[in-house]
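Data file: query13.pdb. Format and content: PDB, C-alpha atoms.
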ATOM      1  CA  MET A   1     135.539 103.974  73.999
ATOM      2  CA  ILE A   2     132.027 103.097  75.176
ATOM      3  CA  THR A   3     133.150  99.546  75.879
ATOM      4  CA  LEU A   4     135.978 100.857  78.048
ATOM      5  CA  VAL A   5     133.546 102.908  80.126
ATOM      6  CA  GLU A   6     131.230  99.912  80.501
ATOM      7  CA  ASP A   7     134.164  97.701  81.500
ATOM      8  CA  LEU A   8     135.260 100.222  84.123
ATOM      9  CA  ALA A   9     131.731 100.370  85.533
ATOM     10  CA  MET A  10     131.716  96.588  85.888
ATOM     11  CA  ASP A  11     134.772  96.778  88.171
ATOM     12  CA  GLU A  12     133.010  99.145  90.556
ATOM     13  CA  PRO A  13     132.199  97.465  93.863
ATOM     14  CA  ILE A  14     128.840  95.855  94.424
ATOM     15  CA  LYS A  15     127.181  97.299  97.532
ATOM     16  CA  CYS A  16     124.149  95.007  97.507
ATOM     17  CA  LEU A  17     123.531  91.579  96.000
ATOM     18  CA  VAL A  18     119.884  90.658  95.463
ATOM     19  CA  TRP A  19     119.226  86.912  95.480
ATOM     20  CA  ASP A  20     116.495  84.811  93.948
ATOM     21  CA  LEU A  21     115.568  81.865  96.191
ATOM     22  CA  ASP A  22     114.227  78.781  94.363
ATOM     23  CA  ASN A  23     117.078  76.944  92.635
ATOM     24  CA  THR A  24     119.446  79.739  93.625
ATOM     25  CA  ILE A  25     119.779  79.962  97.430
ATOM     26  CA  TRP A  26     118.300  76.499  97.745
ATOM     27  CA  THR A  27     117.606  73.523  95.529
ATOM     28  CA  GLY A  28     114.071  73.003  94.305
ATOM     29  CA  THR A  29     110.918  75.103  94.498
ATOM     30  CA  LEU A  30     109.527  75.683  97.978
ATOM     31  CA  LEU A  31     105.952  76.387  96.837
ATOM     32  CA  GLU A  32     105.855  73.059  94.984
ATOM     33  CA  LYS A  33     106.726  71.259  98.222
ATOM     34  CA  ASP A  34     110.103  70.163  96.846
ATOM     35  CA  SER A  35     112.635  68.876  99.332
ATOM     36  CA  CYS A  36     114.545  72.167  99.386
ATOM     37  CA  ARG A  37     118.051  72.324 100.799
ATOM     38  CA  LEU A  38     120.452  75.210 100.917
ATOM     39  CA  GLN A  39     122.911  75.083  98.052
ATOM     40  CA  PRO A  40     126.318  73.786  99.162
ATOM     41  CA  GLU A  41     128.419  76.548 100.740
ATOM     42  CA  VAL A  42     125.723  79.196 100.261
ATOM     43  CA  GLU A  43     125.573  79.992 103.974
ATOM     44  CA  SER A  44     129.322  80.598 104.146
ATOM     45  CA  ILE A  45     129.143  82.749 100.995
ATOM     46  CA  LEU A  46     126.374  84.868 102.527
ATOM     47  CA  GLN A  47     128.448  85.253 105.676
ATOM     48  CA  GLU A  48     131.587  86.164 103.720
ATOM     49  CA  LEU A  49     129.784  88.797 101.645
ATOM     50  CA  ASP A  50     128.160  90.191 104.791
ATOM     51  CA  GLU A  51     131.540  90.429 106.544
ATOM     52  CA  ARG A  52     132.908  92.320 103.550
ATOM     53  CA  GLY A  53     130.158  94.905 104.040
ATOM     54  CA  ILE A  54     128.123  93.835 101.028
ATOM     55  CA  LEU A  55     124.425  94.114 101.753
ATOM     56  CA  LEU A  56     122.160  91.224 100.792
ATOM     57  CA  SER A  57     118.510  91.135  99.856
ATOM     58  CA  VAL A  58     115.956  88.917  98.137
ATOM     59  CA  ALA A  59     113.682  89.345  95.128
ATOM     60  CA  SER A  60     111.630  86.179  94.834
ATOM     61  CA  ALA A  61     108.310  85.236  93.293
ATOM     62  CA  ASN A  62     107.168  83.234  96.258
ATOM     63  CA  ASP A  63     104.857  83.041  99.254
ATOM     64  CA  ALA A  64     106.401  85.013 102.134
ATOM     65  CA  ASP A  65     104.395  82.961 104.664
ATOM     66  CA  LEU A  66     106.359  79.874 103.564
ATOM     67  CA  VAL A  67     109.696  81.505 102.766
ATOM     68  CA  VAL A  68     110.341  83.527 105.916
ATOM     69  CA  PRO A  69     109.978  80.565 108.314
ATOM     70  CA  PHE A  70     112.123  78.440 105.992
ATOM     71  CA  LEU A  71     114.885  81.076 105.872
ATOM     72  CA  ASN A  72     114.685  81.450 109.663
ATOM     73  CA  LYS A  73     114.868  77.689 110.145
ATOM     74  CA  LYS A  74     117.980  77.593 107.957
ATOM     75  CA  GLY A  75     119.487  80.438 109.998
ATOM     76  CA  ILE A  76     119.995  82.884 107.135
ATOM     77  CA  TYR A  77     116.996  85.231 107.159
ATOM     78  CA  HIS A  78     118.866  87.811 109.221
ATOM     79  CA  TYR A  79     121.291  88.448 106.341
ATOM     80  CA  PHE A  80     118.616  89.912 104.064
ATOM     81  CA  LEU A  81     117.578  93.568 104.215
ATOM     82  CA  HIS A  82     114.165  94.559 102.846
ATOM     83  CA  PRO A  83     113.477  91.188 101.212
ATOM     84  CA  GLN A  84     110.832  91.364  98.502
ATOM     85  CA  ILE A  85     109.013  88.044  98.558
ATOM     86  CA  ASN A  86     105.855  88.537  96.536
ATOM     87  CA  TRP A  87     104.387  88.107  93.077
ATOM     88  CA  LEU A  88     105.630  91.376  91.573
ATOM     89  CA  ASN A  89     108.257  91.158  88.867
ATOM     90  CA  LYS A  90     111.897  91.134  89.905
ATOM     91  CA  VAL A  91     112.642  94.457  88.208
ATOM     92  CA  LYS A  92     110.074  96.213  90.395
ATOM     93  CA  ASN A  93     111.342  94.413  93.497
ATOM     94  CA  ILE A  94     114.953  95.401  92.792
ATOM     95  CA  GLN A  95     113.817  99.010  92.410
ATOM     96  CA  VAL A  96     112.017  98.829  95.771
ATOM     97  CA  ILE A  97     115.108  97.368  97.457
ATOM     98  CA  THR A  98     117.471  99.990  96.036
ATOM     99  CA  LYS A  99     115.111 102.778  97.052
ATOM    100  CA  LYS A 100     114.773 101.450 100.621
ATOM    101  CA  LEU A 101     118.565 101.049 100.903
ATOM    102  CA  ASN A 102     119.192 104.392  99.179
ATOM    103  CA  LEU A 103     121.572 102.801  96.662
ATOM    104  CA  ALA A 104     122.254 103.538  93.019
ATOM    105  CA  LEU A 105     121.311 100.770  90.611
ATOM    106  CA  ASN A 106     124.913 100.538  89.354
ATOM    107  CA  SER A 107     126.015  99.356  92.806
ATOM    108  CA  VAL A 108     123.602  96.400  92.796
ATOM    109  CA  GLY A 109     123.964  92.850  91.559
ATOM    110  CA  PHE A 110     121.224  90.285  90.959
ATOM    111  CA  ILE A 111     121.627  86.496  90.946
ATOM    112  CA  ASP A 112     118.976  84.133  89.566
ATOM    113  CA  ASP A 113     118.682  80.714  87.951
ATOM    114  CA  GLU A 114     116.169  81.802  85.300
ATOM    115  CA  PRO A 115     117.627  83.222  82.067
ATOM    116  CA  TYR A 116     114.361  85.104  81.448
ATOM    117  CA  GLU A 117     114.601  86.937  84.792
ATOM    118  CA  LEU A 118     118.263  87.818  84.213
ATOM    119  CA  GLU A 119     117.540  89.100  80.714
ATOM    120  CA  GLN A 120     114.565  91.157  81.881
ATOM    121  CA  VAL A 121     116.753  92.842  84.497
ATOM    122  CA  ARG A 122     119.493  93.437  81.884
ATOM    123  CA  GLN A 123     116.984  95.020  79.522
ATOM    124  CA  LEU A 124     115.019  97.149  81.985
ATOM    125  CA  LEU A 125     117.736  97.891  84.566
ATOM    126  CA  PRO A 126     120.962  97.824  82.518
ATOM    127  CA  GLU A 127     122.955  99.335  85.396
ATOM    128  CA  VAL A 128     122.334  96.271  87.577
ATOM    129  CA  ARG A 129     124.912  93.529  87.125
ATOM    130  CA  THR A 130     123.489  90.052  86.715
ATOM    131  CA  TYR A 131     124.908  86.678  87.691
ATOM    132  CA  GLN A 132     123.828  83.153  86.880
ATOM    133  CA  ALA A 133     122.909  81.081  89.920
ATOM    134  CA  LYS A 134     125.201  78.252  88.835
ATOM    135  CA  ASP A 135     128.161  80.608  89.419
ATOM    136  CA  TYR A 136     127.280  81.512  93.020
ATOM    137  CA  ARG A 137     130.420  79.879  94.444
ATOM    138  CA  ASP A 138     132.628  82.209  92.397
ATOM    139  CA  LEU A 139     131.046  85.441  93.632
ATOM    140  CA  VAL A 140     133.508  85.910  96.492
ATOM    141  CA  LYS A 141     136.407  85.605  94.021
ATOM    142  CA  ARG A 142     135.127  88.369  91.725
ATOM    143  CA  PRO A 143     136.729  91.825  92.044
ATOM    144  CA  GLU A 144     133.402  93.646  92.418
ATOM    145  CA  PHE A 145     132.741  91.587  95.569
ATOM    146  CA  SER A 146     136.242  92.140  96.952
ATOM    147  CA  PRO A 147     136.452  95.618  98.474
ATOM    148  CA  GLN A 148     139.902  97.112  98.677
ATOM    149  CA  PHE A 149     139.511  97.648 102.410
ATOM    150  CA  VAL A 150     137.337  95.790 104.899
ATOM    151  CA  THR A 151     136.997  97.803 108.089
ATOM    152  CA  GLN A 152     135.173  97.116 111.339
ATOM    153  CA  GLU A 153     132.550  99.589 110.129
ATOM    154  CA  SER A 154     132.038  97.759 106.835
ATOM    155  CA  LYS A 155     131.741  94.465 108.728
ATOM    156  CA  GLN A 156     128.843  96.035 110.666
ATOM    157  CA  ARG A 157     127.153  97.656 107.637
ATOM    158  CA  ARG A 158     124.047  95.408 107.688
ATOM    159  CA  LYS A 159     123.530  96.040 111.393
ATOM    160  CA  MET A 160     123.916  99.782 110.856
ATOM    161  CA  TYR A 161     121.216  99.689 108.169
ATOM    162  CA  ILE A 162     118.942  97.778 110.546
ATOM    163  CA  GLN A 163     119.532 100.334 113.324
ATOM    164  CA  GLU A 164     118.848 103.222 110.947
ATOM    165  CA  GLY A 165     115.613 101.548 109.856
ATOM    166  CA  LEU A 166     114.514 101.118 113.466
ATOM    167  CA  LYS A 167     115.294 104.773 114.219
ATOM    168  CA  ALA A 168     113.244 105.846 111.207
ATOM    169  CA  GLN A 169     110.291 103.722 112.378
ATOM    170  CA  VAL A 170     110.422 105.241 115.870
ATOM    171  CA  GLN A 171     110.600 108.755 114.424
ATOM    172  CA  LYS A 172     107.675 108.039 112.115
ATOM    173  CA  ARG A 173     105.553 106.705 115.004
ATOM    174  CA  SER A 174     106.545 109.654 117.152
ATOM    175  CA  GLN A 175     105.542 112.085 114.399
ATOM    176  CA  LYS A 176     102.167 110.337 113.977
ATOM    177  CA  SER A 177     101.541 110.592 117.730
ATOM    178  CA  HIS A 178     102.508 114.254 117.668
ATOM    179  CA  ASP A 179     100.189 114.872 114.709
ATOM    180  CA  ARG A 180      97.277 113.160 116.533
ATOM    181  CA  LEU A 181      97.866 115.279 119.632
ATOM    182  CA  SER A 182      97.956 118.432 117.506
ATOM    183  CA  VAL A 183      94.586 117.534 115.968
ATOM    184  CA  ILE A 184      93.104 116.831 119.396
ATOM    185  CA  GLU A 185      94.332 120.181 120.733
ATOM    186  CA  VAL A 186      92.725 122.062 117.817
TER     187      VAL A 186
END

Would you mind writing the structure in this file as structure tokens?
Amino acid sequence: MITLVEDLAMDEPIKCLVWDLDNTIWTGTLLEKDSCRLQPEVESILQELDERGILLSVASANDADLVVPFLNKKGIYHYFLHPQINWLNKVKNIQVITKKLNLALNSVGFIDDEPYELEQVRQLLPEVRTYQAKDYRDLVKRPEFSPQFVTQESKQRRKMYIQEGLKAQVQKRSQKSHDRLSVIEV
């Protein structure tokens, strides 16, 4: 019976896929000055997942000062919400991403080329589904990445998250200004 429940959970839709970068999104290791190229078809896969309303993010042990310009140059940075490009472990970064996106861990997938990283996520975040980087082309064929309905709203999901984040920033700044004025008046 437990297996049945676990199998049913695996068919639940993925709402966010968190990507590793080196040897996953691109070939090679950026920090080691490898000649990194996007994996074949990865840009179209990102676009397809985005159009299905599946949010995308990044958890990568890397230097953000190198990665962000590279992702921008390749024209794919805009797909990733709350990317975590730092030297923290991937488990912690996935937790940060899910918290910022207000998602349950069982609605998140993680794709990486390193067996150690995948196993660590399986052990410490068993609700998160893991995928080997070599299988990235098959993601769009998997049922958990194929929502039953794709609406205009779901196609705009990433943009809606961005707008909500901007609203929250404005409200936070406005509250800080209000708090400063209150202190001045006292």

Using only C-alpha atoms, I'd like a table of the residues in segment 88-108 of chain A that come within 12 Å of segment 143-158 of chain A; for each, show the closest atom pair and its distance in Å rounded to one decimal, ordered by chain and ascending number, as CSV.
residue,atom,partner,partner_atom,distance
A:Leu101,CA,A:Arg158,CA,10.4
A:Asn106,CA,A:Glu144,CA,11.4
A:Ser107,CA,A:Glu144,CA,9.3
A:Val108,CA,A:Glu144,CA,10.2

How about saving the chosen residues, C-alpha atoms kept, as a tab-separated table (two decimals), in the frame of the given file?
chain	number	residue	atom	x	y	z
A	101	LEU	CA	118.56	101.05	100.90
A	106	ASN	CA	124.91	100.54	89.35
A	107	SER	CA	126.02	99.36	92.81
A	108	VAL	CA	123.60	96.40	92.80

Can you build me a table of segment 28-72 of chain A residues sitting at most 12 Å from segment 112-130 of chain A, with the closest atom pair per residue and its distance in Å to one decimal, using only C-alpha atoms, sorted by chain and residue number, as a tab-separated table?
residue	atom	partner	partner_atom	distance
A:Gly28	CA	A:Asp113	CA	11.0
A:Thr29	CA	A:Asp113	CA	11.6
A:Val58	CA	A:Asp112	CA	10.3
A:Ala59	CA	A:Asp112	CA	9.3
A:Ser60	CA	A:Asp112	CA	9.3
A:Ala61	CA	A:Glu117	CA	10.7

Once 6 Å is added on each side, what are the centre and the three edge lengths, in Å to one decimal, of the axis-aligned box enclosing the listed atoms of segment 48-63 of chain A? Present them as lines of an AutoDock Vina configuration file.
center_x = 118.9
center_y = 89.0
center_z = 99.9
size_x = 40.1
size_y = 23.9
size_z = 25.3

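Look at segment 64-75 of chain A: the protein and nucleic acid residues within 9 Å of it, using all atoms listed in the file and passing over chain neighbours fewer than 6 places away, are Leu21, Leu30, Leu31, Arg37, Leu38, Glu43, Gln84, Ile85 and Asn86 of chain A.
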
Task: Residue nearest Lys141 of chain A - candidates A:Val96, A:Ile45, A:Leu105, A:Ile111, atoms counted: only C-alpha atoms - done: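 Checking each of A:Val96, A:Ile45, A:Leu105, A:Ile111 against Lys141 of chain A, counting only C-alpha atoms, the winner is A:Ile45.
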
Task: Computed interatomic separation between atom CA of Glu12 of chain A and atom CA of Leu55 of chain A (Å) - done: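 Atom-to-atom, atom CA of Glu12 of chain A to atom CA of Leu55 of chain A, that is 15.0 Å.
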
Open item on the list: Between atom CA of Glu51 of chain A and atom CA of Lys92 of chain A, what distance in Å does the model show, to one decimal?
Closed with: 27.5 Å

- [ ] Point out the residue among A:Leu81, A:Ile76, A:Ala133, A:Leu49 with the least atom-to-atom distance to Ile94 of chain A, counting all atoms listed in the file.
- [x]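 Going through A:Leu81, A:Ile76, A:Ala133, A:Leu49 one by one, the smallest distance to Ile94 of chain A is for A:Leu81.
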
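Across A:Gln47, A:Asp22, A:Asn102, A:Asp63, the tightest approach to Trp87 of chain A is made by A:Asp63 when counting only C-alpha atoms.
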